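**Student:** Here you go, this is entry-v9.cif (mmCIF, C-alpha atoms, pLDDT in the B column; chains and numbers go by the auth columns).
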data_start
#
loop_
_atom_site.group_PDB
_atom_site.id
_atom_site.type_symbol
_atom_site.label_atom_id
_atom_site.label_comp_id
_atom_site.label_asym_id
_atom_site.label_seq_id
_atom_site.Cartn_x
_atom_site.Cartn_y
_atom_site.Cartn_z
_atom_site.B_iso_or_equiv
_atom_site.auth_seq_id
_atom_site.auth_asym_id
ATOM 1 C CA MET A 1 0.000 0.000 0.000 39.00 1 A
ATOM 2 C CA SER A 2 1.327 3.431 -0.869 48.00 2 A
ATOM 3 C CA ASP A 3 0.572 6.881 0.460 56.00 3 A
ATOM 4 C CA SER A 4 0.945 8.322 -3.044 89.00 4 A
ATOM 5 C CA SER A 5 -1.571 10.955 -4.074 95.00 5 A
ATOM 6 C CA VAL A 6 -2.450 12.672 -7.331 96.00 6 A
ATOM 7 C CA SER A 7 0.093 15.396 -8.066 96.00 7 A
ATOM 8 C CA LYS A 8 2.099 16.852 -10.954 95.00 8 A
ATOM 9 C CA ASN A 9 3.849 14.304 -13.191 95.00 9 A
ATOM 10 C CA LYS A 10 2.047 11.285 -11.732 95.00 10 A
ATOM 11 C CA ALA A 11 0.509 8.718 -14.072 95.00 11 A
ATOM 12 C CA VAL A 12 -3.054 8.529 -12.775 95.00 12 A
ATOM 13 C CA TYR A 13 -5.556 5.833 -13.719 96.00 13 A
ATOM 14 C CA ILE A 14 -9.244 6.575 -13.264 96.00 14 A
ATOM 15 C CA THR A 15 -12.609 5.023 -13.946 96.00 15 A
ATOM 16 C CA TYR A 16 -15.501 7.374 -14.621 96.00 16 A
ATOM 17 C CA SER A 17 -19.141 7.899 -15.410 96.00 17 A
ATOM 18 C CA ILE A 18 -20.678 10.927 -17.103 95.00 18 A
ATOM 19 C CA LEU A 19 -24.256 11.694 -16.062 95.00 19 A
ATOM 20 C CA ASP A 20 -26.650 14.010 -17.864 91.00 20 A
ATOM 21 C CA GLY A 21 -28.895 16.571 -16.167 86.00 21 A
ATOM 22 C CA ASN A 22 -31.437 13.848 -15.343 89.00 22 A
ATOM 23 C CA GLY A 23 -28.810 11.740 -13.557 91.00 23 A
ATOM 24 C CA GLN A 24 -28.732 9.142 -16.349 93.00 24 A
ATOM 25 C CA VAL A 25 -25.348 7.607 -17.214 94.00 25 A
ATOM 26 C CA VAL A 26 -24.504 8.667 -20.772 90.00 26 A
ATOM 27 C CA GLU A 27 -20.908 7.405 -20.846 92.00 27 A
ATOM 28 C CA GLN A 28 -18.920 5.137 -18.558 95.00 28 A
ATOM 29 C CA SER A 29 -15.537 3.430 -18.347 94.00 29 A
ATOM 30 C CA ASP A 30 -15.014 0.682 -15.796 94.00 30 A
ATOM 31 C CA VAL A 31 -11.597 -0.033 -17.338 94.00 31 A
ATOM 32 C CA PRO A 32 -9.032 2.408 -15.896 94.00 32 A
ATOM 33 C CA ILE A 33 -8.057 5.215 -18.267 93.00 33 A
ATOM 34 C CA GLY A 34 -4.659 6.850 -17.756 94.00 34 A
ATOM 35 C CA TYR A 35 -3.472 10.436 -17.921 95.00 35 A
ATOM 36 C CA VAL A 36 -0.422 12.334 -16.615 95.00 36 A
ATOM 37 C CA HIS A 37 -1.445 14.899 -14.018 96.00 37 A
ATOM 38 C CA GLY A 38 -0.357 18.451 -14.866 92.00 38 A
ATOM 39 C CA ALA A 39 1.077 17.453 -18.246 91.00 39 A
ATOM 40 C CA ASP A 40 -1.514 18.786 -20.732 85.00 40 A
ATOM 41 C CA SER A 41 -3.282 15.443 -20.983 85.00 41 A
ATOM 42 C CA GLY A 42 -6.510 16.755 -22.470 85.00 42 A
ATOM 43 C CA LEU A 43 -8.520 15.948 -19.338 89.00 43 A
ATOM 44 C CA PHE A 44 -11.054 18.680 -18.493 92.00 44 A
ATOM 45 C CA GLU A 45 -9.272 21.294 -16.376 92.00 45 A
ATOM 46 C CA GLN A 46 -11.918 21.217 -13.626 94.00 46 A
ATOM 47 C CA VAL A 47 -11.792 17.410 -13.385 95.00 47 A
ATOM 48 C CA GLU A 48 -7.993 17.428 -13.198 95.00 48 A
ATOM 49 C CA ALA A 49 -8.051 20.183 -10.534 95.00 49 A
ATOM 50 C CA ALA A 50 -10.558 18.197 -8.453 96.00 50 A
ATOM 51 C CA LEU A 51 -8.291 15.133 -8.607 97.00 51 A
ATOM 52 C CA GLU A 52 -5.310 17.009 -7.099 96.00 52 A
ATOM 53 C CA GLY A 53 -4.381 15.305 -3.825 97.00 53 A
ATOM 54 C CA ALA A 54 -6.741 12.332 -4.287 97.00 54 A
ATOM 55 C CA LYS A 55 -5.566 8.834 -3.357 97.00 55 A
ATOM 56 C CA PRO A 56 -6.350 5.429 -4.874 96.00 56 A
ATOM 57 C CA GLY A 57 -9.944 4.509 -4.047 96.00 57 A
ATOM 58 C CA ASP A 58 -11.100 8.129 -3.707 97.00 58 A
ATOM 59 C CA GLN A 59 -14.249 9.046 -5.632 97.00 59 A
ATOM 60 C CA LEU A 60 -15.233 12.584 -6.562 97.00 60 A
ATOM 61 C CA GLU A 61 -17.948 14.365 -8.490 97.00 61 A
ATOM 62 C CA VAL A 62 -17.446 17.366 -10.769 96.00 62 A
ATOM 63 C CA LEU A 63 -20.311 19.302 -12.353 96.00 63 A
ATOM 64 C CA LEU A 64 -19.414 20.859 -15.710 94.00 64 A
ATOM 65 C CA PRO A 65 -21.685 23.426 -17.373 94.00 65 A
ATOM 66 C CA PRO A 66 -21.475 23.570 -21.199 93.00 66 A
ATOM 67 C CA GLU A 67 -18.932 26.412 -21.238 92.00 67 A
ATOM 68 C CA GLN A 68 -16.512 24.344 -19.108 90.00 68 A
ATOM 69 C CA GLY A 69 -17.384 20.972 -20.629 89.00 69 A
ATOM 70 C CA PHE A 70 -18.525 20.054 -24.104 91.00 70 A
ATOM 71 C CA GLY A 71 -19.458 23.557 -25.271 91.00 71 A
ATOM 72 C CA ALA A 72 -22.691 25.168 -26.368 93.00 72 A
ATOM 73 C CA HIS A 73 -24.825 23.500 -29.026 93.00 73 A
ATOM 74 C CA ASP A 74 -24.140 25.249 -32.360 94.00 74 A
ATOM 75 C CA PRO A 75 -27.232 25.102 -34.606 94.00 75 A
ATOM 76 C CA ASP A 76 -25.017 25.866 -37.636 92.00 76 A
ATOM 77 C CA LEU A 77 -23.548 22.355 -37.240 92.00 77 A
ATOM 78 C CA THR A 78 -26.949 20.652 -37.656 94.00 78 A
ATOM 79 C CA PHE A 79 -28.489 19.897 -41.063 93.00 79 A
ATOM 80 C CA THR A 80 -31.761 18.228 -42.052 94.00 80 A
ATOM 81 C CA ASP A 81 -32.589 16.748 -45.469 93.00 81 A
ATOM 82 C CA ASP A 82 -35.099 14.391 -47.044 95.00 82 A
ATOM 83 C CA ILE A 83 -34.144 10.825 -46.200 93.00 83 A
ATOM 84 C CA ASP A 84 -34.404 9.944 -49.918 94.00 84 A
ATOM 85 C CA ASN A 85 -31.367 12.198 -50.556 92.00 85 A
ATOM 86 C CA VAL A 86 -29.239 10.174 -48.114 91.00 86 A
ATOM 87 C CA PRO A 87 -27.470 6.941 -49.096 91.00 87 A
ATOM 88 C CA PRO A 88 -29.092 3.870 -47.439 93.00 88 A
ATOM 89 C CA GLU A 89 -26.000 3.023 -45.350 94.00 89 A
ATOM 90 C CA PHE A 90 -26.450 6.299 -43.416 92.00 90 A
ATOM 91 C CA ARG A 91 -30.179 5.964 -42.761 94.00 91 A
ATOM 92 C CA HIS A 92 -29.934 5.051 -39.063 94.00 92 A
ATOM 93 C CA VAL A 93 -29.413 7.071 -35.890 93.00 93 A
ATOM 94 C CA GLY A 94 -25.751 6.979 -34.873 91.00 94 A
ATOM 95 C CA ALA A 95 -24.372 6.585 -38.398 94.00 95 A
ATOM 96 C CA GLU A 96 -21.308 8.751 -38.965 93.00 96 A
ATOM 97 C CA VAL A 97 -20.297 10.514 -42.151 88.00 97 A
ATOM 98 C CA GLU A 98 -17.425 12.891 -42.834 89.00 98 A
ATOM 99 C CA PHE A 99 -18.024 16.035 -44.896 85.00 99 A
ATOM 100 C CA GLN A 100 -15.446 18.433 -46.334 84.00 100 A
ATOM 101 C CA ASN A 101 -15.921 22.136 -47.012 82.00 101 A
ATOM 102 C CA GLU A 102 -14.473 24.045 -49.981 86.00 102 A
ATOM 103 C CA GLN A 103 -11.233 24.658 -48.017 88.00 103 A
ATOM 104 C CA GLY A 104 -10.744 20.892 -47.578 87.00 104 A
ATOM 105 C CA GLU A 105 -11.491 20.953 -43.841 87.00 105 A
ATOM 106 C CA ALA A 106 -13.217 17.766 -42.712 89.00 106 A
ATOM 107 C CA LYS A 107 -15.803 17.399 -39.954 88.00 107 A
ATOM 108 C CA MET A 108 -17.523 14.275 -38.663 91.00 108 A
ATOM 109 C CA PHE A 109 -21.325 14.350 -38.517 93.00 109 A
ATOM 110 C CA ARG A 110 -23.615 11.845 -36.772 94.00 110 A
ATOM 111 C CA VAL A 111 -27.190 11.050 -37.706 94.00 111 A
ATOM 112 C CA SER A 112 -29.033 12.359 -34.650 92.00 112 A
ATOM 113 C CA LYS A 113 -32.670 12.059 -35.676 93.00 113 A
ATOM 114 C CA ILE A 114 -34.936 10.510 -38.308 94.00 114 A
ATOM 115 C CA GLU A 115 -38.598 11.472 -38.396 95.00 115 A
ATOM 116 C CA ASN A 116 -41.332 12.330 -40.893 95.00 116 A
ATOM 117 C CA GLY A 117 -39.148 11.394 -43.869 94.00 117 A
ATOM 118 C CA LYS A 118 -36.364 13.737 -42.740 95.00 118 A
ATOM 119 C CA LEU A 119 -32.877 12.858 -41.530 95.00 119 A
ATOM 120 C CA THR A 120 -30.811 15.182 -39.309 95.00 120 A
ATOM 121 C CA VAL A 121 -27.027 15.114 -39.028 94.00 121 A
ATOM 122 C CA ASP A 122 -25.149 16.935 -36.281 95.00 122 A
ATOM 123 C CA ALA A 123 -21.425 17.744 -35.875 94.00 123 A
ATOM 124 C CA ASN A 124 -21.837 18.982 -32.291 93.00 124 A
ATOM 125 C CA HIS A 125 -20.482 16.770 -29.527 90.00 125 A
ATOM 126 C CA PRO A 126 -23.391 14.603 -28.285 86.00 126 A
ATOM 127 C CA PHE A 127 -23.155 16.351 -24.867 90.00 127 A
ATOM 128 C CA ALA A 128 -22.917 19.900 -26.295 91.00 128 A
ATOM 129 C CA GLY A 129 -25.260 22.320 -24.548 92.00 129 A
ATOM 130 C CA GLN A 130 -25.640 20.066 -21.509 92.00 130 A
ATOM 131 C CA THR A 131 -24.451 20.377 -17.936 94.00 131 A
ATOM 132 C CA VAL A 132 -22.882 17.019 -17.095 95.00 132 A
ATOM 133 C CA LYS A 133 -21.586 15.426 -13.926 96.00 133 A
ATOM 134 C CA PHE A 134 -18.344 13.447 -13.938 96.00 134 A
ATOM 135 C CA VAL A 135 -18.108 10.776 -11.242 97.00 135 A
ATOM 136 C CA VAL A 136 -14.425 9.798 -11.119 97.00 136 A
ATOM 137 C CA THR A 137 -12.698 7.112 -9.055 97.00 137 A
ATOM 138 C CA VAL A 138 -8.905 6.962 -8.717 97.00 138 A
ATOM 139 C CA ALA A 139 -7.820 3.400 -9.527 96.00 139 A
ATOM 140 C CA ALA A 140 -4.017 3.731 -9.298 95.00 140 A
ATOM 141 C CA ILE A 141 -1.148 6.233 -9.236 95.00 141 A
ATOM 142 C CA ARG A 142 2.539 5.953 -10.093 95.00 142 A
ATOM 143 C CA ASP A 143 5.422 8.200 -11.145 94.00 143 A
ATOM 144 C CA ALA A 144 5.273 9.032 -14.850 94.00 144 A
ATOM 145 C CA THR A 145 8.291 8.558 -17.119 94.00 145 A
ATOM 146 C CA PRO A 146 9.765 11.565 -18.969 94.00 146 A
ATOM 147 C CA GLU A 147 8.214 10.263 -22.220 93.00 147 A
ATOM 148 C CA GLU A 148 4.795 9.956 -20.598 93.00 148 A
ATOM 149 C CA ILE A 149 5.067 13.499 -19.202 92.00 149 A
ATOM 150 C CA ALA A 150 5.911 14.799 -22.693 91.00 150 A
ATOM 151 C CA ASN A 151 2.906 12.951 -24.196 88.00 151 A
ATOM 152 C CA GLY A 152 0.474 13.717 -21.366 88.00 152 A
ATOM 153 C CA ARG A 153 -0.555 10.053 -21.345 89.00 153 A
ATOM 154 C CA PRO A 154 0.887 6.905 -19.800 91.00 154 A
ATOM 155 C CA ASP A 155 2.298 4.206 -22.019 83.00 155 A
ATOM 156 C CA GLU A 156 -0.098 1.344 -22.674 71.00 156 A
ATOM 157 C CA GLY A 157 -0.158 -1.486 -20.210 55.00 157 A
ATOM 158 C CA GLY A 158 -2.474 -0.374 -17.439 49.00 158 A
ATOM 159 C CA PRO A 159 -1.914 0.723 -13.869 47.00 159 A
ATOM 160 C CA PRO A 160 1.122 -1.204 -12.617 45.00 160 A
ATOM 161 C CA VAL A 161 1.884 0.316 -9.202 43.00 161 A
ATOM 162 C CA TYR A 162 0.298 1.874 -6.065 39.00 162 A
ATOM 163 C CA HIS A 163 -3.058 0.045 -5.916 34.00 163 A
#
Reformat the file's structure so that it appears as structure tokens.
**Tutor:**
Amino acid sequence: MSDSSVSKNKAVYITYSILDGNGQVVEQSDVPIGYVHGADSGLFEQVEAALEGAKPGDQLEVLLPPEQGFGAHDPDLTFTDDIDNVPPEFRHVGAEVEFQNEQGEAKMFRVSKIENGKLTVDANHPFAGQTVKFVVTVAAIRDATPEEIANGRPDEGGPPVYH
């Protein structure tokens, strides 16, 4: 057993759930996901700040409004068309299709709704415009290597130390 806690340059492994405003789980990982604390890992800043000082087994909750989480819903990233104008392989909710603009920039769209002969695609994150709650549990902590610190993520292989 170690007295290690979450701090800068530690490889931290967490499990998490994301709950919507109704308390429903919309995403979950029971397999520990790793990041390097304080090393630009891409973890939401508020979640990383809340983890500072936590120890293996600690659980915390962080509420993220859209402006701190997945952003506001942008209606300009949603398009609706007659379903007959859409190839059959994309005629189901959840289908993904990549579109390019005239500048060659690509964006991934998901079919978000089909009703009354119309199909809607949306490039917003599925949680855009929502306040979400992260429920995070620290699974393990260890010192990160210099390479891991540079990458912001631990090497593959799972949480080896400090259970």
**Student:** Go through the shown structure with the PyMOL selection byres ((chain A and resi 65-68) around 7) and write out the matching residues as a count of residues only.
**Tutor:** 11
**Student:** Take CA of Asn85 in chain A and CA of Phe127 in chain A and report the distance between them in Å, one decimal.
**Tutor:**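 These atoms are spaced 27.3 Å apart.
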**Student:** For the file shown, what are the residues hit by the PyMOL selection byres ((chain A and resi 144) around 9), laid out as a list of chain:residue names?
**Tutor:**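 With the shown file as input, the PyMOL selection byres ((chain A and resi 144) around 9) matches A:Asn9, A:Lys10, A:Ala11, A:Val12, A:Val36, A:His37, A:Ile141, A:Arg142, A:Asp143, A:Thr145, A:Pro146, A:Glu147, A:Glu148, A:Ile149, A:Arg153, A:Pro154.
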**Student:** Go ahead and compute the interatomic distance for CA of Ser4 in chain A and CA of Leu60 in chain A, in Å to one decimal.
**Tutor:** 17.1 Å
**Student:** I'd like a table as JSON lines: residues in range 60-162 of chain A with an atom no more than 8 Å from range 13-29 of chain A, each row giving the shortest atom pair and its distance in Å to one decimal, all atoms listed in the file counted, sorted by chain and rising residue number.
**Tutor:**
{"residue": "A:Gln130", "atom": "CA", "partner": "A:Asp20", "partner_atom": "CA", "distance": 7.1}
{"residue": "A:Thr131", "atom": "CA", "partner": "A:Gly21", "partner_atom": "CA", "distance": 6.1}
{"residue": "A:Val132", "atom": "CA", "partner": "A:Asp20", "partner_atom": "CA", "distance": 4.9}
{"residue": "A:Lys133", "atom": "CA", "partner": "A:Leu19", "partner_atom": "CA", "distance": 5.1}
{"residue": "A:Phe134", "atom": "CA", "partner": "A:Ile18", "partner_atom": "CA", "distance": 4.7}
{"residue": "A:Val135", "atom": "CA", "partner": "A:Ser17", "partner_atom": "CA", "distance": 5.2}
{"residue": "A:Val136", "atom": "CA", "partner": "A:Tyr16", "partner_atom": "CA", "distance": 4.4}
{"residue": "A:Thr137", "atom": "CA", "partner": "A:Thr15", "partner_atom": "CA", "distance": 5.3}
{"residue": "A:Val138", "atom": "CA", "partner": "A:Ile14", "partner_atom": "CA", "distance": 4.6}
{"residue": "A:Ala139", "atom": "CA", "partner": "A:Ile14", "partner_atom": "CA", "distance": 5.1}
{"residue": "A:Ala140", "atom": "CA", "partner": "A:Tyr13", "partner_atom": "CA", "distance": 5.1}
{"residue": "A:Ile141", "atom": "CA", "partner": "A:Tyr13", "partner_atom": "CA", "distance": 6.3}
{"residue": "A:Gly158", "atom": "CA", "partner": "A:Tyr13", "partner_atom": "CA", "distance": 7.9}
{"residue": "A:Pro159", "atom": "CA", "partner": "A:Tyr13", "partner_atom": "CA", "distance": 6.3}
**Student:** Can you tell me how far CA of Glu96 in chain A sits from CA of Phe109 in chain A, in Å to one decimal?
**Tutor:**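 It comes out at 5.6 Å.
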**Student:** Just checking: using all atoms listed in the file, which residue out of A:Ala39, A:Val93, A:Met108, A:Val62 ends up closest to Asn151 in chain A?
**Tutor:** A:Ala39
**Student:** Can you find the residues with an atom no farther than 9 Å from (-28.6, 6.4, -40.4), counting all atoms listed in the file, and report them as a PyMOL selection string?
**Tutor:** chain A and resi 86-96+110-114+119+121
**Student:** Starting from the shown file, work through the PyMOL selection byres ((chain A and resi 75) around 12) and note down what comes out as a ChimeraX atom specification.
**Tutor:** /A:72-74,76-80,120-125,128-129
**Student:** Emit the selected residues as a compact mmCIF listing (two decimals), keeping the file's coordinate frame, including C-alpha atoms.
**Tutor:**
# COMPACT_ATOMS: atom_id res chain seq x y z
CA ALA A 72 -22.69 25.17 -26.37
CA HIS A 73 -24.82 23.50 -29.03
CA ASP A 74 -24.14 25.25 -32.36
CA ASP A 76 -25.02 25.87 -37.64
CA LEU A 77 -23.55 22.36 -37.24
CA THR A 78 -26.95 20.65 -37.66
CA PHE A 79 -28.49 19.90 -41.06
CA THR A 80 -31.76 18.23 -42.05
CA THR A 120 -30.81 15.18 -39.31
CA VAL A 121 -27.03 15.11 -39.03
CA ASP A 122 -25.15 16.93 -36.28
CA ALA A 123 -21.42 17.74 -35.88
CA ASN A 124 -21.84 18.98 -32.29
CA HIS A 125 -20.48 16.77 -29.53
CA ALA A 128 -22.92 19.90 -26.30
CA GLY A 129 -25.26 22.32 -24.55
